[in-house]
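What follows is upload_9.txt (compact mmCIF, C-alpha atoms).
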```txt
# COMPACT_ATOMS: atom_id res chain seq x y z
CA MET A 1 128.73 69.01 92.67
CA ILE A 2 126.65 68.46 89.55
CA SER A 3 127.70 70.73 86.74
CA HIS A 4 124.94 72.34 84.73
CA PRO A 5 125.47 73.36 81.13
CA SER A 6 125.30 77.06 80.46
CA ARG A 7 122.40 78.52 78.54
CA HIS A 8 122.93 80.99 75.70
CA CYS A 9 120.84 83.41 73.72
CA THR A 10 122.32 85.45 70.86
CA VAL A 11 120.70 88.26 68.86
CA GLU A 12 122.29 90.15 65.95
CA LEU A 13 120.95 93.61 65.13
CA GLN A 14 121.52 97.15 63.97
CA ALA A 15 121.74 99.31 67.12
CA LEU A 16 118.85 101.59 66.20
CA PRO A 17 116.41 102.93 68.81
CA SER A 18 113.51 100.75 67.59
CA ARG A 19 115.64 97.61 67.68
CA ILE A 20 117.01 98.41 71.16
CA GLY A 21 113.51 98.18 72.64
CA GLN A 22 112.93 94.92 70.79
CA VAL A 23 116.14 93.39 72.19
CA ARG A 24 115.18 94.54 75.69
CA ARG A 25 111.90 92.61 75.30
CA ILE A 26 113.77 89.55 73.97
CA VAL A 27 116.16 89.58 76.94
CA SER A 28 113.24 89.95 79.37
CA ALA A 29 111.33 87.05 77.75
CA GLN A 30 114.42 84.82 77.78
CA LEU A 31 115.04 85.48 81.48
CA ARG A 32 111.39 84.70 82.24
CA TYR A 33 111.79 81.43 80.32
CA TRP A 34 114.86 80.60 82.42
CA HIS A 35 112.90 81.52 85.61
CA MET A 36 115.30 84.37 86.36
CA ASP A 37 112.62 87.05 86.74
CA SER A 38 114.57 88.81 89.50
CA LEU A 39 117.28 89.73 86.96
CA ILE A 40 114.99 91.19 84.28
CA ASP A 41 115.06 94.86 85.29
CA ARG A 42 118.83 95.08 85.73
CA ALA A 43 119.59 93.03 82.61
CA ALA A 44 117.18 95.10 80.49
CA LEU A 45 118.66 98.35 81.82
CA GLY A 46 122.22 97.18 81.20
CA VAL A 47 121.63 95.90 77.67
CA THR A 48 119.79 99.15 76.84
CA GLU A 49 122.77 101.21 77.98
CA LEU A 50 125.29 99.08 76.06
CA LEU A 51 123.21 99.17 72.86
CA THR A 52 122.68 102.91 73.20
CA ASN A 53 126.47 103.32 73.34
CA VAL A 54 126.80 101.33 70.10
CA HIS A 55 124.11 103.54 68.52
CA LEU A 56 125.78 106.77 69.68
CA HIS A 57 129.46 105.95 69.40
CA ALA A 58 130.25 102.94 67.20
CA ALA A 59 131.68 103.81 63.84
CA PRO A 60 131.33 103.09 61.00
CA ASP A 61 128.97 100.17 61.48
CA LYS A 62 126.04 99.92 63.95
CA THR A 63 125.80 96.13 63.54
CA CYS A 64 126.26 94.31 66.82
CA THR A 65 125.57 91.05 68.60
CA VAL A 66 123.98 90.72 72.02
CA GLU A 67 124.69 87.54 73.92
CA ILE A 68 123.27 86.48 77.26
CA GLU A 69 124.75 83.49 79.01
CA LEU A 70 123.33 81.93 82.14
CA LEU A 71 125.73 79.92 84.25
CA LEU A 72 124.96 78.34 87.60
CA ASP A 73 125.78 81.45 89.66
CA ARG A 74 125.89 84.32 87.18
CA LEU A 75 124.28 85.91 84.15
CA THR A 76 126.62 87.54 81.64
CA VAL A 77 125.27 90.03 79.11
CA SER A 78 127.67 91.12 76.37
CA VAL A 79 127.47 93.36 73.31
CA ARG A 80 129.97 92.85 70.48
CA ASP A 81 130.37 95.60 67.86
CA HIS A 82 132.78 96.48 65.05
CA ASP A 83 134.31 99.63 66.56
CA PRO A 84 137.71 98.93 68.18
CA ARG A 85 137.59 101.94 70.52
CA LEU A 86 137.09 100.81 74.10
CA PRO A 87 134.54 102.75 76.16
CA VAL A 88 135.56 105.14 78.90
CA VAL A 89 133.53 105.94 82.00
CA ASP A 90 133.21 109.71 82.18
CA ASP A 91 132.28 111.89 85.12
CA ALA A 92 129.15 113.51 83.73
CA GLU A 93 128.35 117.08 84.66
CA PRO A 94 125.41 117.36 87.09
CA LEU A 95 123.03 118.73 84.41
CA ALA A 96 124.33 116.61 81.52
CA THR A 97 121.73 114.55 79.67
CA CYS A 98 124.15 111.79 78.69
CA GLY A 99 127.41 110.25 79.86
CA ARG A 100 126.12 108.18 82.77
CA GLY A 101 125.35 104.88 81.03
CA LEU A 102 128.51 102.94 81.87
CA ALA A 103 128.57 104.32 85.41
CA MET A 104 125.02 103.02 85.80
CA VAL A 105 126.01 99.61 84.38
CA ALA A 106 128.94 99.50 86.81
CA ALA A 107 126.69 100.43 89.76
CA MET A 108 123.96 97.87 89.10
CA SER A 109 126.15 94.93 88.07
CA GLU A 110 128.40 92.53 89.92
CA SER A 111 131.22 93.27 87.44
CA TRP A 112 131.64 94.74 83.99
CA GLY A 113 134.36 95.36 81.44
CA ALA A 114 135.41 95.77 77.84
CA ARG A 115 137.94 93.90 75.74
CA PRO A 116 139.20 94.11 72.17
CA ASP A 117 137.64 91.56 69.82
CA GLY A 118 139.84 90.73 66.87
CA GLU A 119 141.30 93.43 64.64
CA SER A 120 138.33 95.72 64.49
CA GLY A 121 135.89 95.32 67.29
CA LYS A 122 135.21 95.03 70.99
CA VAL A 123 133.00 93.29 73.51
CA VAL A 124 131.46 95.21 76.42
CA TRP A 125 129.91 93.02 79.10
CA PHE A 126 128.44 92.93 82.60
CA THR A 127 127.51 90.19 85.04
CA LEU A 128 124.68 89.77 87.51
CA PRO A 129 124.60 87.17 90.31
CA THR A 130 121.81 84.61 89.86
CA VAL A 131 121.31 84.04 93.57
CA ALA A 132 120.53 86.67 96.15
CA PRO A 133 123.04 87.03 98.97
CA VAL A 134 122.02 84.91 101.93
CA ALA A 135 120.80 87.11 104.75
CA ALA A 136 121.98 86.32 108.23
CA ARG A 137 119.58 83.80 109.72
CA PRO A 138 117.98 84.73 113.02
CA PRO A 139 119.08 82.49 115.87
CA ARG A 140 117.03 79.36 116.28
CA ARG A 141 114.51 79.39 119.07
CA LEU A 142 114.31 76.31 121.23
CA VAL A 143 111.00 74.63 121.89
CA ASP A 144 109.93 74.92 125.50
CA GLU A 145 110.28 71.65 127.31
CA VAL A 146 107.02 69.98 128.24
CA PRO A 147 107.09 68.55 131.76
CA ALA A 148 106.85 64.75 131.87
CA GLY A 149 103.89 65.07 134.22
CA ALA A 150 101.69 66.38 131.39
CA PHE A 151 102.22 63.19 129.41
CA ALA A 152 101.48 61.09 132.51
CA GLU A 153 98.12 62.85 132.92
CA VAL A 154 97.11 62.07 129.33
CA GLU A 155 98.30 58.48 129.69
CA ARG A 156 96.22 57.97 132.88
CA ALA A 157 93.12 59.43 131.23
CA VAL A 158 93.43 57.05 128.29
CA GLU A 159 93.92 54.09 130.61
CA LEU A 160 90.84 54.99 132.67
CA GLY A 161 88.74 55.27 129.52
CA ARG A 162 87.50 58.71 130.35
CA PRO A 163 88.98 61.14 127.89
CA GLN A 164 90.23 64.38 129.32
CA PRO A 165 91.60 67.24 127.34
CA ALA A 166 95.34 67.33 127.24
CA PRO A 167 96.93 70.52 128.48
CA ALA A 168 97.36 73.01 125.65
CA ARG A 169 101.00 73.57 124.83
CA ALA A 170 102.53 75.49 121.97
CA ALA A 171 104.89 73.49 119.80
CA VAL A 172 107.07 76.56 119.23
CA ALA A 173 107.93 79.14 121.83
CA GLY A 174 106.78 82.63 121.06
```

Target format structure tokens, applied to this file:
Amino acid sequence: MISHPSRHCTVELQALPSRIGQVRRIVSAQLRYWHMDSLIDRAALGVTELLTNVHLHAAPDKTCTVEIELLLDRLTVSVRDHDPRLPVVDDAEPLATCGRGLAMVAAMSESWGARPDGESGKVVWFTLPTVAPVAARPPRRLVDEVPAGAFAEVERAVELGRPQPAPARAAVAG
């Protein structure tokens, strides 16, 4: 198997609402450049949720780094900030207007997690598969056999010099 180098894109920012939209557009443009258009919606949603968590919960500093890494079979999106508290997935009340972000990231991603980063920070990440699952292939249909007599008729017509139309036969059954 030929190994392909991974591709990286890193953006440093203050997790402010105006910058979150800008990073979402950067992630979308980078995935288009890598011809990974099918991942744009989920990656943009996930990075928005992770950056919103930094904006709402990270203390004291809203500075963070977004990294996207494309490997052969997976895209990893991570957000590194300077708050050491690891996120917790809460069960949001039915009418709550917040508290569902990480549950949404977990639902739309292949995997996700959080890990401490040094003395005073963390990385929250999620992955998306780069290839769609292979659907079960329908069984192959066999081509109907053409009787040898049909070829003999065409052969005789060519030999006699009087062209006759060959019998119409479909190449594929169905």

Problem - atom CA of Thr10 of chain A to atom CA of Glu67 of chain A, straight-line distance in Å - result: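 Computed distance, atom CA of Glu67 of chain A to atom CA of Thr10 of chain A, equals 4.4 Å.
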
Practice task
Mind giving me the straight-line distance from atom CA of Thr130 of chain A to atom CA of Gly46 of chain A in Å, one decimal?
Solution key: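 Atom CA of Thr130 of chain A sits 15.3 Å away from atom CA of Gly46 of chain A.
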
Handout entry: Straight-line distance linking atom CA of Leu56 of chain A with atom CA of Ser38 of chain A, stated in Å to one decimal
Key = 29.0 Å

Problem - Residue nearest Asp91 of chain A among A:Met104, A:Ile40, A:Val79, A:Val27 (counting all atoms listed in the file) - result: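 Result for the nearest residue to Asp91 of chain A: A:Met104.
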
Handout entry: Nearest residue to Asn53 of chain A from the set A:Arg24, A:Arg115, A:Arg80, A:Arg32 (distances using only C-alpha atoms)
Key =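 Comparing A:Arg24, A:Arg115, A:Arg80, A:Arg32 against Asn53 of chain A, the winner is A:Arg80.
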
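Closest to Ser120 of chain A among A:Leu39, A:Leu75, A:Pro60, A:Ala106 is A:Pro60, based on only C-alpha atoms.
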
Practice task
Could you tell me which of A:Lys62, A:Thr48, A:Ala43, A:Pro87 comes closest to Glu110 of chain A if we count only C-alpha atoms?
Solution key: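 The closest residue to Glu110 of chain A is A:Ala43.
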
Exercise for the section: Name the closest residue to Lys122 of chain A among the candidates A:Leu86, A:Ile68, A:Leu50, A:Leu16; distances are taken between atoms, counting all atoms listed in the file. Expected result: A:Leu86
